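Structure below is coords_19.cif: mmCIF, C-alpha atoms and all ligand atoms.
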```cif
data_input
loop_
_atom_site.label_atom_id
_atom_site.label_comp_id
_atom_site.auth_asym_id
_atom_site.auth_seq_id
_atom_site.Cartn_x
_atom_site.Cartn_y
_atom_site.Cartn_z
CA MET A 467 155.09 -0.02 17.99
CA SER A 468 152.89 3.04 18.58
CA ASN A 469 149.16 2.61 19.18
CA VAL A 470 148.39 3.86 15.69
CA GLU A 471 150.83 1.33 14.22
CA VAL A 472 149.18 -1.49 16.15
CA ALA A 473 145.74 -0.32 14.98
CA ALA A 474 146.97 -0.12 11.36
CA LYS A 475 148.27 -3.67 11.63
CA TYR A 476 144.81 -4.82 12.70
CA ILE A 477 143.20 -3.01 9.75
CA LYS A 478 145.66 -4.65 7.34
CA GLU A 479 144.78 -8.06 8.80
CA GLY A 480 141.09 -7.48 8.06
CA LYS A 481 140.15 -6.77 11.69
CA LEU A 482 137.98 -4.07 13.25
CA VAL A 483 139.40 -0.94 14.87
CA ALA A 484 137.40 1.75 16.67
CA PHE A 485 139.09 5.11 16.09
CA PRO A 486 138.44 8.78 16.78
CA THR A 487 137.33 11.23 14.12
CA GLU A 488 136.43 14.86 14.78
CA THR A 489 132.70 13.95 14.75
CA VAL A 490 132.21 10.66 16.61
CA TYR A 491 134.22 7.43 17.03
CA GLY A 492 134.10 5.17 13.97
CA LEU A 493 134.13 1.37 13.74
CA GLY A 494 136.64 0.87 10.95
CA ALA A 495 137.70 -1.86 8.56
CA ASN A 496 139.60 -1.98 5.27
CA ALA A 497 136.98 -0.64 2.84
CA LEU A 498 138.34 -2.81 0.02
CA ASN A 499 138.04 -6.08 1.98
CA PRO A 500 134.40 -7.32 1.86
CA GLN A 501 134.90 -9.93 4.62
CA ALA A 502 136.28 -7.30 6.99
CA VAL A 503 133.41 -4.93 6.13
CA ALA A 504 130.89 -7.73 6.74
CA ARG A 505 132.09 -7.91 10.35
CA ILE A 506 131.21 -4.24 10.86
CA PHE A 507 127.56 -5.04 10.07
CA GLU A 508 127.69 -8.08 12.35
CA VAL A 509 129.23 -6.33 15.36
CA LYS A 510 127.02 -3.24 15.02
CA GLU A 511 123.89 -5.35 14.33
CA ARG A 512 123.35 -3.01 11.42
CA PRO A 513 120.87 -3.85 8.62
CA SER A 514 122.62 -4.56 5.33
CA PHE A 515 120.60 -1.87 3.49
CA ASP A 516 122.36 0.91 5.42
CA PRO A 517 125.54 1.95 3.53
CA LEU A 518 128.87 2.91 5.12
CA ILE A 519 131.00 6.03 4.78
CA VAL A 520 134.53 5.52 3.43
CA HIS A 521 137.28 7.59 5.10
CA ILE A 522 140.31 8.76 3.16
CA ALA A 523 143.50 10.64 4.04
CA ASP A 524 144.56 11.78 0.58
CA LEU A 525 142.73 13.13 -2.47
CA LYS A 526 144.36 10.41 -4.59
CA GLU A 527 142.07 7.91 -2.92
CA LEU A 528 139.06 9.91 -4.09
CA ASP A 529 140.10 9.22 -7.68
CA GLN A 530 140.38 5.51 -7.04
CA LEU A 531 137.04 5.20 -5.29
CA THR A 532 134.88 7.30 -7.62
CA ALA A 533 133.80 6.70 -11.18
CA HIS A 534 134.01 10.09 -12.85
CA HIS A 535 135.17 13.62 -12.27
CA ASP A 536 132.90 16.42 -11.21
CA GLU A 537 134.55 19.83 -10.72
CA ARG A 538 132.15 20.54 -7.86
CA VAL A 539 133.65 17.73 -5.79
CA PHE A 540 137.02 19.49 -5.81
CA ILE A 541 135.50 22.87 -4.95
CA ILE A 542 133.81 21.35 -1.90
CA ALA A 543 136.85 19.24 -0.94
CA LYS A 544 139.10 22.30 -1.14
CA HIS A 545 136.97 24.25 1.33
CA PHE A 546 135.69 21.58 3.69
CA TRP A 547 138.23 18.72 3.81
CA PRO A 548 139.62 17.51 6.04
CA GLY A 549 136.35 18.10 7.88
CA PRO A 550 132.91 16.87 8.93
CA LEU A 551 131.45 16.62 5.43
CA THR A 552 130.59 13.47 3.44
CA MET A 553 129.99 13.54 -0.31
CA VAL A 554 127.88 10.82 -1.96
CA LEU A 555 129.46 10.15 -5.37
CA PRO A 556 129.27 7.56 -8.18
CA LYS A 557 131.42 4.63 -7.06
CA SER A 558 134.21 2.89 -8.98
CA ASP A 559 134.43 -0.88 -9.39
CA ILE A 560 136.99 -1.31 -6.61
CA VAL A 561 134.42 -0.40 -3.94
CA PRO A 562 132.75 -3.64 -2.77
CA ASP A 563 128.95 -3.69 -2.95
CA ILE A 564 128.69 -4.52 0.74
CA VAL A 565 130.12 -1.06 1.57
CA THR A 566 127.42 0.78 -0.39
CA SER A 567 124.57 -1.68 0.28
CA GLY A 568 124.45 -2.34 -3.44
CA LEU A 569 124.03 1.33 -4.38
CA PRO A 570 125.94 2.72 -7.38
CA THR A 571 127.20 5.55 -5.13
CA VAL A 572 129.65 5.75 -2.24
CA GLY A 573 129.82 8.20 0.68
CA ILE A 574 133.36 9.57 1.15
CA ARG A 575 134.96 11.90 3.64
CA MET A 576 138.38 13.02 4.85
CA PRO A 577 138.14 13.40 8.64
CA ASN A 578 139.78 16.34 10.40
CA ASN A 579 141.51 14.35 13.11
CA GLU A 580 145.26 13.67 13.19
CA VAL A 581 144.88 10.18 14.69
CA ALA A 582 142.33 9.17 12.06
CA LEU A 583 144.42 10.53 9.18
CA ASP A 584 147.52 8.81 10.53
CA LEU A 585 145.63 5.52 10.90
CA ILE A 586 144.31 5.66 7.33
CA SER A 587 147.78 6.48 5.93
CA LYS A 588 149.52 3.77 7.93
CA SER A 589 146.86 1.19 7.02
CA GLY A 590 147.50 1.90 3.34
CA CYS A 591 143.80 1.64 2.44
CA PRO A 592 140.59 3.64 2.71
CA ILE A 593 138.66 2.80 5.90
CA ALA A 594 134.92 2.10 5.89
CA ALA A 595 133.41 3.17 9.20
CA PRO A 596 129.98 3.79 10.65
CA SER A 597 129.69 5.33 14.10
CA ALA A 598 131.02 2.82 16.68
CA ASN A 599 127.74 2.08 18.47
CA LYS A 600 125.05 -0.61 18.23
CA PHE A 601 122.65 0.22 15.40
CA GLY A 602 120.12 2.85 16.46
CA SER A 603 121.72 3.68 19.82
CA ILE A 604 123.67 6.74 21.01
CA SER A 605 126.81 7.66 19.05
CA PRO A 606 130.17 7.50 20.91
CA THR A 607 132.21 10.64 21.54
CA LEU A 608 134.70 8.99 23.94
CA ALA A 609 136.70 5.75 23.68
CA SER A 610 135.00 4.59 26.90
CA HIS A 611 131.57 4.75 25.19
CA VAL A 612 132.83 2.23 22.65
CA LYS A 613 134.45 0.04 25.28
CA GLU A 614 131.34 -0.13 27.46
CA LYS A 615 128.70 -0.51 24.78
CA LEU A 616 130.26 -2.33 21.85
CA ALA A 617 131.89 -5.68 22.57
CA LYS A 618 133.83 -7.63 19.94
CA VAL A 619 135.90 -4.75 18.58
CA ASP A 620 139.44 -6.00 17.95
CA TYR A 621 141.16 -2.76 18.97
CA ILE A 622 140.15 0.65 20.32
CA LEU A 623 142.37 3.59 19.47
CA ASP A 624 141.85 6.24 22.13
CA GLY A 625 142.13 9.81 20.85
CA GLY A 626 140.26 11.57 23.63
CA LYS A 627 136.96 13.34 23.25
CA THR A 628 135.82 14.12 19.72
CA SER A 629 135.84 17.83 18.91
CA VAL A 630 132.60 18.20 16.90
CA GLY A 631 130.39 15.64 18.62
CA ILE A 632 127.75 14.93 15.96
CA GLU A 633 128.03 13.06 12.68
CA SER A 634 129.14 14.65 9.41
CA THR A 635 126.89 16.60 7.08
CA ILE A 636 126.10 14.36 4.08
CA ILE A 637 125.55 15.89 0.63
CA LYS A 638 124.94 14.69 -2.90
CA PHE A 639 125.04 16.57 -6.19
CA THR A 640 122.23 17.01 -8.69
CA LYS A 641 122.27 18.91 -11.96
CA TYR A 642 121.09 22.03 -10.09
CA GLY A 643 123.50 21.95 -7.15
CA PHE A 644 123.83 20.12 -3.84
CA GLN A 645 121.28 18.48 -1.59
CA ILE A 646 121.70 17.66 2.10
CA LEU A 647 120.94 14.06 3.06
CA ARG A 648 121.95 14.50 6.71
CA ASN A 649 122.51 17.74 8.60
CA GLY A 650 125.69 18.37 10.59
CA ILE A 651 127.74 21.33 11.77
CA ILE A 652 128.60 22.30 8.21
CA THR A 653 125.34 24.04 7.38
CA LYS A 654 123.43 24.65 4.18
CA GLU A 655 124.34 28.35 4.42
CA GLU A 656 128.08 27.60 4.56
CA LEU A 657 127.86 25.27 1.57
CA GLU A 658 125.84 27.81 -0.39
CA LYS A 659 128.82 30.15 -0.37
CA TYR A 660 130.42 27.81 -2.91
CA LEU A 661 127.59 25.99 -4.72
CA PRO A 662 123.87 26.51 -5.26
CA HIS A 663 121.49 24.48 -3.11
CA ASP A 664 119.02 22.43 -5.15
CA ASP A 665 115.59 22.93 -3.70
CA LYS A 666 113.84 21.90 -6.91
CA THR A 667 114.54 18.18 -6.98
CA PRO A 668 112.76 16.10 -4.33
CA ILE A 669 115.11 13.80 -2.39
CA GLU A 670 114.21 10.25 -3.40
CA GLU A 671 114.00 7.90 -0.48
CA ALA A 672 116.28 5.41 -2.20
CA SER A 673 119.10 7.97 -2.33
CA ALA A 674 119.16 8.39 1.46
CA PRO A 675 118.97 4.93 3.04
CA GLY A 676 119.65 4.73 6.75
CA MET A 677 117.81 7.99 7.48
CA MET A 678 115.40 6.46 9.97
CA LYS A 679 112.94 8.44 12.06
CA SER A 680 114.31 6.71 15.12
CA HIS A 681 118.06 6.72 15.77
CA TYR A 682 120.60 7.76 18.41
CA SER A 683 118.15 6.36 20.87
CA PRO A 684 118.90 6.06 24.60
CA GLN A 685 117.67 3.01 26.57
CA LYS A 686 115.54 5.32 28.72
CA LYS A 687 112.66 7.53 27.78
CA LEU A 688 113.84 10.82 26.26
CA LEU A 689 111.52 13.77 25.88
CA LEU A 690 112.27 16.95 24.01
CA ALA A 691 111.38 20.01 26.07
CA ASP A 692 110.31 23.47 25.16
CA ASN A 693 109.23 25.88 27.87
CA SER A 694 105.75 24.58 28.50
CA ASN A 695 105.43 20.84 27.99
CA ILE A 696 107.45 19.78 31.05
CA LEU A 697 105.79 22.00 33.65
CA ASN A 698 103.79 19.23 35.26
CA ILE A 699 106.05 16.23 35.02
CA ASP A 700 107.69 14.60 38.03
CA LYS A 701 111.34 15.72 37.95
CA SER A 702 112.54 13.78 40.99
CA LYS A 703 114.10 11.04 38.85
CA ALA A 704 114.57 13.10 35.73
CA GLY A 705 117.83 14.31 34.21
CA LEU A 706 117.94 17.48 32.13
CA ILE A 707 120.23 18.18 29.20
CA SER A 708 120.25 21.93 29.65
CA PHE A 709 121.21 24.60 27.13
CA THR A 710 119.83 27.97 28.29
CA GLY A 711 119.69 27.24 32.00
CA ASN A 712 116.02 28.31 32.07
CA LEU A 713 114.47 24.88 32.68
CA GLU A 714 116.74 23.58 35.40
CA SER A 715 114.69 23.90 38.58
CA ALA A 716 113.47 20.73 40.35
CA PHE A 717 115.44 18.31 38.16
CA SER A 718 117.34 15.69 40.14
CA LYS A 719 120.29 16.01 37.77
CA VAL A 720 121.26 18.71 35.30
CA ILE A 721 123.94 18.55 32.65
CA ARG A 722 124.66 21.98 31.21
CA VAL A 723 126.01 21.46 27.69
CA SER A 724 127.27 25.00 27.19
CA GLU A 725 128.36 27.81 29.49
CA LYS A 726 128.05 30.46 26.78
CA GLN A 727 124.88 29.17 25.11
CA ASP A 728 126.87 28.26 22.04
CA LEU A 729 125.18 25.66 19.80
CA LYS A 730 128.57 24.19 18.88
CA ASP A 731 128.96 23.15 22.52
CA TYR A 732 125.53 21.53 22.42
CA ALA A 733 126.72 19.41 19.48
CA VAL A 734 130.01 18.57 21.22
CA ASN A 735 128.39 17.52 24.51
CA MET A 736 124.96 16.17 23.52
CA PHE A 737 125.76 12.48 23.06
CA GLU A 738 128.04 12.39 26.11
CA ALA A 739 125.20 13.84 28.20
CA MET A 740 122.81 11.17 26.85
CA HIS A 741 125.31 8.42 27.68
CA ASN A 742 125.77 9.85 31.18
CA LEU A 743 122.03 9.93 31.92
CA GLU A 744 121.43 6.56 30.30
CA ASP A 745 124.08 5.04 32.60
CA ASP A 746 122.84 6.73 35.78
CA ASP A 747 120.58 4.37 37.75
CA SER A 748 119.00 7.20 39.72
CA ILE A 749 117.49 8.64 36.53
CA ASP A 750 114.53 7.15 34.68
CA LEU A 751 113.61 10.00 32.38
CA ILE A 752 115.83 12.15 30.16
CA ILE A 753 114.64 15.61 29.16
CA ALA A 754 116.58 17.44 26.45
CA GLU A 755 116.15 21.15 25.86
CA ALA A 756 114.95 22.06 22.37
CA VAL A 757 116.67 24.81 20.37
CA ALA A 758 115.68 26.94 17.37
CA GLU A 759 116.07 25.14 14.07
CA GLU A 760 118.54 27.51 12.49
CA GLY A 761 122.18 26.97 11.55
CA ILE A 762 123.66 24.15 13.64
CA GLY A 763 120.34 23.99 15.50
CA VAL A 764 118.95 22.05 12.51
CA ALA A 765 121.43 19.19 13.06
CA ILE A 766 120.96 19.21 16.84
CA MET A 767 117.17 19.03 16.61
CA ASP A 768 117.45 16.27 14.00
CA ARG A 769 119.41 14.14 16.52
CA LEU A 770 117.12 15.00 19.45
CA ARG A 771 113.92 14.22 17.51
CA LYS A 772 115.33 10.87 16.46
CA ALA A 773 116.35 10.12 20.05
CA GLU A 774 112.81 10.95 21.19
CA TYR A 775 110.96 9.12 18.42
CA ASN A 776 110.59 5.61 19.90
CA TRP A 777 109.60 6.99 23.29
CA ARG A 778 106.86 9.37 22.25
CA ASN A 779 103.98 7.19 23.30
CA VAL A 780 105.63 5.54 26.28
CA LYS A 781 104.36 6.60 29.68
CA VAL A 782 106.73 6.77 32.63
O1 LIG A 801 130.68 11.69 11.05
C1 LIG A 801 130.38 10.64 10.48
O2 LIG A 801 129.89 10.63 9.35
C2 LIG A 801 130.66 9.33 11.24
C3 LIG A 801 132.17 9.17 11.41
C4 LIG A 801 132.55 7.83 11.98
O3 LIG A 801 132.79 9.40 10.18
N1 LIG A 801 130.09 8.21 10.53
C5 LIG A 801 128.77 7.98 10.49
O4 LIG A 801 128.42 6.82 9.86
O5 LIG A 801 127.94 8.72 10.96
P1 LIG A 801 126.99 6.14 9.97
O6 LIG A 801 127.16 4.78 9.45
O7 LIG A 801 126.49 6.23 11.34
O8 LIG A 801 126.10 6.92 8.95
C6 LIG A 801 126.27 6.69 7.57
C7 LIG A 801 125.10 7.18 6.80
C8 LIG A 801 124.16 6.08 6.36
O9 LIG A 801 123.20 5.78 7.34
C9 LIG A 801 123.54 6.66 5.11
O10 LIG A 801 122.42 7.42 5.50
C10 LIG A 801 124.62 7.61 4.58
O11 LIG A 801 125.59 7.71 5.57
N2 LIG A 801 125.26 7.06 3.38
C11 LIG A 801 126.41 6.37 3.29
N3 LIG A 801 126.65 6.01 2.01
C12 LIG A 801 125.63 6.49 1.27
C13 LIG A 801 125.27 6.43 -0.11
N4 LIG A 801 126.03 5.81 -1.00
N5 LIG A 801 124.12 7.05 -0.50
C14 LIG A 801 123.36 7.69 0.40
N6 LIG A 801 123.63 7.76 1.73
C15 LIG A 801 124.75 7.17 2.16
MG MG A 802 125.47 6.15 13.24
#
```

For this file, produce the structure as structure tokens.
Ligand code: TXA
Ligand code: MG
Amino acid sequence: MSNVEVAAKYIKEGKLVAFPTETVYGLGANALNPQAVARIFEVKERPSFDPLIVHIADLKELDQLTAHHDERVFIIAKHFWPGPLTMVLPKSDIVPDIVTSGLPTVGIRMPNNEVALDLISKSGCPIAAPSANKFGSISPTLASHVKEKLAKVDYILDGGKTSVGIESTIIKFTKYGFQILRNGIITKEELEKYLPHDDKTPIEEASAPGMMKSHYSPQKKLLLADNSNILNIDKSKAGLISFTGNLESAFSKVIRVSEKQDLKDYAVNMFEAMHNLEDDDSIDLIIAEAVAEEGIGVAIMDRLRKAEYNWRNVKV
């Protein structure tokens, strides 16, 4: 049996499989089996109010999982699937409440990763999967991140490093257009080519559970740096996640996330750099270079601010 076949067998038996997507590794279970989904929450130590994204490999599954048709869903699916985009849609009765944390909607996406698509097809069911990390900690972009930091997974399907590196953009539809619940590499501007953005309706908190101020948080203090605020700090045990190259002097360790100053590379390498510095005993402070909040920079700064949040008032 191939690795994907073994993993699919586990999914069919109601077990948990960590698998690659193009964004980050997911911790997957049969989305239609509430007992299997319950184990995701247990292993991740995830609060039950935080709903899961359901992964599909075929548009037929979209029909089964959602309650009614909306032309706009097909317009977006046609242009962005498979890809790093999740749509929050009215759910059908076959989706267990535990998947959606009791909400009447379900988040669905078709990942752009051959291994993931093959796993979903061979499992014969949609796969519910959050990122394969402990709740609130750094997302995994390598199989080794899952292995080292998340025990109790039944099987890890190794598909190498993920190609996008940050979680999918999440959207919902209103009567005026789409709203973004979580930023990702598919930006507002790209989506606006196909549908109007609704900036009239305020996003109700209840429609975006799981959007905490703190998230993706390393076990060590992380500080977001612009040009001035790190001038006087002690850099002898500090690691820098560097983008422009301008802040590198005096740091004991530097991880350059992009050679060409391309924001896509920042997204691809950001979580791996955080894992690396978190695991390095010679480092007790992580500094991450801030970028302009435009285009993909919006999603990158969202992750970095959340990583910094818990540490803001902690002295080192
Ligand atoms: O790229 C990704 O989306 C990755 C890979 C594995 O697919 N998954 C991921 O899942 O990031 P997770 O669990 O870390 O984030 C899921 C978030 C929830 O925290 C919630 O904010 C939102 O998706 N979500 C899911 N279902 C929703 C719903 N019905 N209504 C509103 N938000 C929902
Ligand atoms: Mg997550």

**Study point:** Top pick for closest residue to ligand MG 802 (chain A), considering A:Lys726, A:Lys666, A:Lys615, A:His681 and counting all atoms listed in the file
**Key:** A:His681

With only C-alpha atoms and all ligand atoms counted and 6 Å as the cut-off, give the residues of chain A in contact with ligand LIG 801 (chain A), each with its shortest interatomic distance in Å and the pair that gives it, as a Markdown table.
```
| residue | atom | partner | partner_atom | distance |
| --- | --- | --- | --- | --- |
| A:Thr489 | CA | A:LIG801 | O1 | 4.8 |
| A:Val490 | CA | A:LIG801 | C3 | 5.4 |
| A:Tyr491 | CA | A:LIG801 | C4 | 5.3 |
| A:Gly492 | CA | A:LIG801 | C4 | 3.7 |
| A:Asp516 | CA | A:LIG801 | O9 | 5.3 |
| A:Pro517 | CA | A:LIG801 | N3 | 4.5 |
| A:Leu518 | CA | A:LIG801 | C11 | 4.6 |
| A:Ile519 | CA | A:LIG801 | C11 | 4.8 |
| A:Val554 | CA | A:LIG801 | N4 | 5.4 |
| A:Thr566 | CA | A:LIG801 | N4 | 5.3 |
| A:Leu569 | CA | A:LIG801 | N4 | 6.0 |
| A:Thr571 | CA | A:LIG801 | N4 | 4.3 |
| A:Val572 | CA | A:LIG801 | N4 | 3.8 |
| A:Gly573 | CA | A:LIG801 | N3 | 4.1 |
| A:Ala595 | CA | A:LIG801 | C4 | 5.5 |
| A:Pro596 | CA | A:LIG801 | O6 | 3.2 |
| A:Ser597 | CA | A:LIG801 | O7 | 4.3 |
| A:Glu633 | CA | A:LIG801 | O1 | 3.4 |
| A:Ser634 | CA | A:LIG801 | O1 | 3.7 |
| A:Ser673 | CA | A:LIG801 | C14 | 5.1 |
| A:Ala674 | CA | A:LIG801 | C14 | 4.4 |
| A:Pro675 | CA | A:LIG801 | O10 | 4.9 |
| A:Gly676 | CA | A:LIG801 | O9 | 3.7 |
| A:Met677 | CA | A:LIG801 | O10 | 5.0 |
```

Check your understanding: Looking at A:Ser603, A:Ser468, A:Asn712, A:Ser629, which one is nearest to ligand MG 802 (chain A), with distances taken over only C-alpha atoms and all ligand atoms?
Key -> A:Ser603

Check your understanding: Out of A:Leu770, A:Val764, A:Ala523, A:Val565, which residue has the shortest atom-to-atom distance to A:Phe507 when counting only C-alpha atoms?
Key -> A:Val565

Check your understanding: Which is closest to A:Ala733 among A:Ile593, A:Ile762, A:Leu697, A:Ala497, if we use only C-alpha atoms?
Key ->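 Closest to A:Ala733, using only C-alpha atoms: A:Ile762.
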
Practice item. Just the residues within 8 Å of A:His741, please, counting all atoms listed in the file, with nothing from its chain fewer than 3 positions along; format it as a list in words. Key: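 Result of the neighbour search: Ile604, His611, Pro684, Phe737, Glu738, Glu744 and Asp745 of chain A.
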
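In this model, the gap between atom CA of A:Gly625 and atom CA of A:Val520 comes to 19.5 Å.
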
Exercise for review: Select, counting only C-alpha atoms, all protein, DNA and RNA residues no farther than 9 Å from (118.6, 3.5, 22.1) in file coordinates, and express the selection as a list in words.
Suggested key: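 Answer for this query, in the requested form: Lys600, Phe601, Gly602, Ser603, Ile604, Ser680, His681, Tyr682, Ser683, Pro684, Gln685, Lys686, Ala773 and Asn776 of chain A.
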
Spatial neighbours of A:Glu655, max dist 12 Å, only C-alpha atoms, sep filter under 3 positions, as a PDB file with C-alpha atoms, keeping the file's coordinate frame:
```pdb
ATOM      1  CA  PHE A 644     123.830  20.120  -3.840  1.00  0.00           C
ATOM      2  CA  GLN A 645     121.280  18.480  -1.590  1.00  0.00           C
ATOM      3  CA  ILE A 646     121.700  17.660   2.100  1.00  0.00           C
ATOM      4  CA  ASN A 649     122.510  17.740   8.600  1.00  0.00           C
ATOM      5  CA  GLY A 650     125.690  18.370  10.590  1.00  0.00           C
ATOM      6  CA  ILE A 651     127.740  21.330  11.770  1.00  0.00           C
ATOM      7  CA  ILE A 652     128.600  22.300   8.210  1.00  0.00           C
ATOM      8  CA  GLU A 658     125.840  27.810  -0.390  1.00  0.00           C
ATOM      9  CA  LYS A 659     128.820  30.150  -0.370  1.00  0.00           C
ATOM     10  CA  TYR A 660     130.420  27.810  -2.910  1.00  0.00           C
ATOM     11  CA  LEU A 661     127.590  25.990  -4.720  1.00  0.00           C
ATOM     12  CA  PRO A 662     123.870  26.510  -5.260  1.00  0.00           C
ATOM     13  CA  HIS A 663     121.490  24.480  -3.110  1.00  0.00           C
ATOM     14  CA  GLU A 760     118.540  27.510  12.490  1.00  0.00           C
ATOM     15  CA  GLY A 761     122.180  26.970  11.550  1.00  0.00           C
ATOM     16  CA  ILE A 762     123.660  24.150  13.640  1.00  0.00           C
ATOM     17  CA  VAL A 764     118.950  22.050  12.510  1.00  0.00           C
TER      18      VAL A 764
END
```

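Candidate residues A:Ser748, A:Thr532, A:Thr628, A:Gln727 were compared for distance to A:Ser605, and the nearest is A:Thr628, using only C-alpha atoms.
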
Review point. So what do you get for atom CA of A:Glu511 versus atom CA of A:Ala473, distance-wise?
Key: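 Atom-to-atom, atom CA of A:Glu511 to atom CA of A:Ala473, that is 22.4 Å.
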
Exercise for review: Go through A:Val612, A:Ala691, A:Ile542, A:Ile632 one by one, measure the shortest atom-to-atom distance of each to ligand MG 802 (chain A) using all atoms listed in the file, and give the residue with the smallest value.
Suggested key: A:Ile632

Put stretch 725-731 of chain A into a file with all heavy atoms, as a compact mmCIF listing (two decimals), in the first residue's frame.
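Saved file out-v3.txt follows:
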```
# COMPACT_ATOMS: atom_id res chain seq x y z
N GLU A 725 15.30 36.13 -0.50
CA GLU A 725 16.48 36.72 -1.13
C GLU A 725 16.10 37.93 -1.97
O GLU A 725 16.84 38.87 -2.10
CB GLU A 725 17.21 35.67 -1.99
CG GLU A 725 17.97 34.62 -1.18
CD GLU A 725 18.86 35.22 -0.08
OE1 GLU A 725 19.51 36.26 -0.34
OE2 GLU A 725 18.89 34.68 1.04
N LYS A 726 14.89 37.88 -2.56
CA LYS A 726 14.50 38.93 -3.50
C LYS A 726 13.53 39.93 -2.90
O LYS A 726 12.88 40.68 -3.61
CB LYS A 726 13.82 38.30 -4.74
CG LYS A 726 14.52 37.08 -5.30
CD LYS A 726 13.81 36.53 -6.52
CE LYS A 726 12.44 35.92 -6.26
NZ LYS A 726 12.38 34.64 -5.61
N GLN A 727 13.37 39.90 -1.59
CA GLN A 727 12.39 40.76 -0.91
C GLN A 727 11.00 40.60 -1.50
O GLN A 727 10.32 41.57 -1.84
CB GLN A 727 12.82 42.22 -0.94
CG GLN A 727 14.13 42.41 -0.22
CD GLN A 727 14.41 43.87 0.11
OE1 GLN A 727 13.53 44.71 0.10
NE2 GLN A 727 15.65 44.17 0.40
N ASP A 728 10.61 39.32 -1.64
CA ASP A 728 9.30 39.00 -2.17
C ASP A 728 8.42 38.57 -0.99
O ASP A 728 8.77 37.65 -0.25
CB ASP A 728 9.47 37.86 -3.18
CG ASP A 728 8.16 37.45 -3.83
OD1 ASP A 728 7.08 37.76 -3.28
OD2 ASP A 728 8.23 36.80 -4.89
N LEU A 729 7.27 39.24 -0.82
CA LEU A 729 6.40 38.94 0.33
C LEU A 729 5.90 37.50 0.32
O LEU A 729 5.61 36.93 1.36
CB LEU A 729 5.22 39.91 0.36
CG LEU A 729 5.56 41.33 0.85
CD1 LEU A 729 4.35 42.24 0.66
CD2 LEU A 729 5.98 41.31 2.32
N LYS A 730 5.78 36.92 -0.87
CA LYS A 730 5.35 35.51 -0.94
C LYS A 730 6.33 34.62 -0.20
O LYS A 730 5.94 33.67 0.48
CB LYS A 730 5.27 35.06 -2.39
CG LYS A 730 3.94 35.35 -3.01
CD LYS A 730 3.76 34.51 -4.27
CE LYS A 730 2.51 34.98 -4.97
NZ LYS A 730 2.72 35.35 -6.36
N ASP A 731 7.63 34.93 -0.32
CA ASP A 731 8.63 34.14 0.40
C ASP A 731 8.51 34.33 1.91
O ASP A 731 8.78 33.41 2.68
CB ASP A 731 10.06 34.56 0.00
CG ASP A 731 10.36 34.29 -1.46
OD1 ASP A 731 9.71 33.42 -2.05
OD2 ASP A 731 11.25 34.97 -2.00
```
